[in-house]
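Chemist: I have a structure I would like to understand better, so I am pasting it below and will then ask my questions one at a time.
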Protein chains: 2
Amino acid sequence: MEIIRDPNLLQQKMLALRQTGKKMGLVPTMGFLHEGHLSLIRTARSQCDILVVSIFVNPTQFAPNEDLEAYPRDFKADEQHCKKEGTDILFYPSADSMYAQNSSIWVEETTLSKNLCGASRSGHFRGVCTVVAKLFNLVQPAIAVFGEKDAQQLRIIERMVRDLFFPIQIIRAPLVREPDGLAMSSRNKYLSKEERKAALCLRKALLLATHLFEKGEQSPSILKAAITHEIKKTPLAKIDYIEIVDDQNLTPVEEIKSSVLIALAVKIGKTRLIDNQHLSFNPLK
Amino acid sequence: MEIIRDPNLLQQKMLALRQTGKKMGLVPTMGFLHEGHLSLIRTARSQCDILVVSIFVNPTQFAPNEDLEAYPRDFKADEQHCKKEGTDILFYPSADSMYAQNSSIWVEETTLSKNLCGASRSGHFRGVCTVVAKLFNLVQPAIAVFGEKDAQQLRIIERMVRDLFFPIQIIRAPLVREPDGLAMSSRNKYLSKEERKAALCLRKALLLATHLFEKGEQSPSILKAAITHEIKKTPLAKIDYIEIVDDQNLTPVEEIKSSVLIALAVKIGKTRLIDNQHLSFNPLK
């Protein structure tokens, strides 16, 4: 495995490899890799010749009040994980090399990014789109793998690929959970022992809503009320949002007449966690 | 020469050609080709294997009050020009195929685009950056040629290539003038005979300023006053802006201590024309 820090060096290497007809795969991450990331890496590994994993805590997707400085990092462990999973190139750039001091070009999404996490994290998806566009141009992969944990991000990246005609296939990888159901996240590291227990309320509430839906409940407001009620049983939990949205355009639905996503963000103490559940609509039911 | 209208078909073709190691060149245009465009096409032709010329009157770079509908078009003549200049692929997409109905991704430049034409043409450079990013991803050229006539556009495209790491070399092609000095532009077609004569004031004023500069005048305000005075001699002319800016960051200079660009936009009747002149600063002088 080769570690490359310089973006231009990476690009030269990828352009040369491309001439040989190799199929490139990219897994963009912010590091502090867990089983969720590793599942993305394995998915990519099985579908490409040259696998690039990027580790970059992208400053422009953090708002000033967010946890950029505190975001957990462990490059040595990440390096070992990447090597073990058969990564060919680990791209680990500095912020200065990814953003020139007078950089002034931004990629912005103007509809899908407005609600859910976009409503509470101003500028977040502008930062995500911009850095992913940079990574796409540097690596020029045929495939790139993103996780369903960040459901809104995934839809926005799919939209970016469609609208800007990136010749890249986006592969969705399922959310990976801890044995007790907590969605894996680098931010879980922030949780105290007590908070870690409290954090289970997200999954529990989603399972309750799924159960009600499967029993025939199709009213988003009733499902949302049930989720709210369930989460409020946990004193440490503070709801940021609970939304039931069309899984294509991410707008809230008034009735469940298509496949939807239940998406939620909940603060456990100071740690903001997200989780989601897909509900498949069956018109024959 | 092949004419392709479908963006996805073009992309598939370009990806296949790329596998063969060919060097691709792109000249993006809005059609109604004149000698200025042809000089771009010739420049590209001499530096690539496969030459793509695009003709697309990009709706998103026109403000609602601008001349999108009136913009001159003559596809048959353009086709002949392109064929004659050795174009391999003429890309001629519809607006619907370039912008899905719910398209929502925009590429925005946030500093270089704020003054000069950006100040009077709201959203113009957002439209330009977005469509050029699409064209770059569709064609994936090694080189792309842009004209110095649109000096601000050229700097913004260079910035986009740098910031988003497009693996593309931008080649600048010099402004081409009519024998009497008027900068070539598709919009010159709008001019009546009287206006056509009046339009010479742009070039005349730029030549006057260049002359003063070469005689030793280094004050932008004096040069701007001279240009203003010269243009005001023409009753049909209405100044939009006259600016003397650093040729890298496009911000107005208070003294000429670096290479600068004199850029101006003047309305002749209802037709808005632009022109510019580069002044090379010689520190030894």
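Identifiers for the structure tokens are assigned positionally: chains receive A, B, ... in sequence, residues are indexed from 1 per chain, and ligands are indexed from 1 in the order shown.
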Provide as a count of residues only the residues of chain A at most 8 Å from chain B, counting only C-alpha atoms.

Modeler: 28

Chemist: If you run DSSP on the backbone, which residues of range 247-279 of chain A are strand (DSSP E or B), as a PyMOL selection string?

Modeler: chain A and resi 252+260-268+271-279

Chemist: Can you spit out the residues from that selection as a compact mmCIF listing (two decimals), in the first residue's frame, using C-alpha atoms?

Modeler:
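Output below, filename out30.txt:
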# COMPACT_ATOMS: atom_id res chain seq x y z
CA PRO A 252 -41.44 15.30 3.96
CA VAL A 260 -39.65 6.62 2.41
CA LEU A 261 -36.80 7.23 4.75
CA ILE A 262 -37.26 7.88 8.43
CA ALA A 263 -34.31 10.08 9.31
CA LEU A 264 -33.45 11.47 12.68
CA ALA A 265 -30.76 13.39 14.48
CA VAL A 266 -30.60 13.33 18.27
CA LYS A 267 -28.14 14.90 20.64
CA ILE A 268 -26.97 12.62 23.42
CA THR A 271 -22.82 14.43 20.81
CA ARG A 272 -25.06 14.69 17.78
CA LEU A 273 -25.95 11.27 16.36
CA ILE A 274 -27.92 10.38 13.24
CA ASP A 275 -29.70 7.22 12.20
CA ASN A 276 -32.25 6.24 9.61
CA GLN A 277 -34.56 3.49 8.46
CA HIS A 278 -35.87 2.81 5.01
CA LEU A 279 -39.56 1.81 4.68

Chemist: Given only C-alpha atoms as the basis, pick out the residue of B:Asp49, B:Glu35, B:Asp74, B:Asp6 nearest to Pro93 in chain B.

Modeler: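 Closest candidate: B:Asp6.
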
Chemist: For the helix (DSSP H, G or I) assignment from backbone DSSP, which residues of range 25-216 of chain B qualify? Please present them as a VMD selection string.

Modeler: chain B and resid 35 to 45 59 to 61 75 to 84 95 to 98 117 to 120 124 to 139 151 to 164 186 to 190 193 to 198 200 to 214

Chemist: Considering only C-alpha atoms, state which residue in the set B:Asn282, B:Ala63, B:Gly36, B:Ser97 is at the smallest distance from Val128 in chain B.

Modeler: B:Ala63

Chemist: Measuring between only C-alpha atoms, which one of B:Arg73, B:His81, B:Arg187, B:Arg5 shows the shortest distance to Ala199 in chain B?

Modeler: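 With only C-alpha atoms as the atom set, the closest residue is B:Arg187.
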
Chemist: Do a neighbour search on Leu208 in chain A at 10 Å with only C-alpha atoms, toss out local chain neighbours closer than 5 positions, and write the hits as an NGL selection string.

Modeler: :A and (203 or 213-214 or 223 or 226-227 or 230)

Chemist: What separation in Å, quoted to one decimal, exists between CA of Glu69 in chain B and CA of Ala44 in chain B?

Modeler: 29.3 Å

Chemist: Using only C-alpha atoms, determine which residues lie at most 12 Å from Gly31 in chain B, disregarding the query and same-chain residues fewer than 5 positions distant; provide the list as a list in words.

Modeler: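 Near neighbours after the sequence-gap exclusion: Gly36, His37, Leu38, Val53, Ser54, Ile55, Phe56, Val57, Asn58, Tyr71, Pro72, Arg73, Asp74, Phe75, Lys76, Ala77, Asp78, Glu79, Gln80, His81, Cys82, Leu90, Phe91, Tyr92, Pro93, Ser185, Ser186 and Arg187 of chain B.
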
Chemist: Name all residues at most 8 Å from Val52 in chain B (count only C-alpha atoms; drop same-chain ones fewer than 5 positions away) and give them as a PyMOL selection string.

Modeler: chain B and resi 24-27+87-91+139

Chemist: Using Å and a single decimal, report how far CA of Glu178 in chain A sits from CA of Cys48 in chain A.

Modeler: 27.8 Å

Chemist: What separation in Å, quoted to one decimal, exists between CA of Tyr241 in chain A and CA of Pro59 in chain A?

Modeler: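 If I compute the distance from CA of Tyr241 in chain A to CA of Pro59 in chain A, I get 23.9 Å.
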
Chemist: What lies within 8 Å of range 233-236 of chain B using only C-alpha atoms, ignoring chain neighbours under 3 positions off, as a PyMOL selection string?

Modeler: chain B and resi 195+198+201+229-230+268-269

Chemist: Please write the residues from the selection above to a file, keeping N, CA and C atoms, as a PDB file, in the first residue's frame.

Modeler:
ATOM      1  N   GLU B 195     -24.781  52.098 -35.058  1.00  0.00           N
ATOM      2  CA  GLU B 195     -24.227  51.563 -33.807  1.00  0.00           C
ATOM      3  C   GLU B 195     -22.881  50.867 -34.045  1.00  0.00           C
ATOM      4  N   ALA B 198     -20.378  53.423 -33.958  1.00  0.00           N
ATOM      5  CA  ALA B 198     -20.219  53.931 -32.592  1.00  0.00           C
ATOM      6  C   ALA B 198     -19.419  52.947 -31.717  1.00  0.00           C
ATOM      7  N   CYS B 201     -15.706  53.008 -30.361  1.00  0.00           N
ATOM      8  CA  CYS B 201     -15.208  53.822 -29.243  1.00  0.00           C
ATOM      9  C   CYS B 201     -14.553  52.970 -28.164  1.00  0.00           C
ATOM     10  N   HIS B 229     -13.742  59.814 -20.762  1.00  0.00           N
ATOM     11  CA  HIS B 229     -13.845  61.003 -21.606  1.00  0.00           C
ATOM     12  C   HIS B 229     -13.962  60.606 -23.080  1.00  0.00           C
ATOM     13  N   GLU B 230     -13.132  59.674 -23.490  1.00  0.00           N
ATOM     14  CA  GLU B 230     -13.114  59.250 -24.893  1.00  0.00           C
ATOM     15  C   GLU B 230     -14.455  58.602 -25.268  1.00  0.00           C
ATOM     16  N   ILE B 268     -24.021  49.910 -26.428  1.00  0.00           N
ATOM     17  CA  ILE B 268     -24.203  50.696 -27.649  1.00  0.00           C
ATOM     18  C   ILE B 268     -25.656  50.473 -28.041  1.00  0.00           C
ATOM     19  N   GLY B 269     -26.492  51.462 -27.824  1.00  0.00           N
ATOM     20  CA  GLY B 269     -27.928  51.222 -27.966  1.00  0.00           C
ATOM     21  C   GLY B 269     -28.323  50.178 -26.941  1.00  0.00           C
TER      22      GLY B 269
END
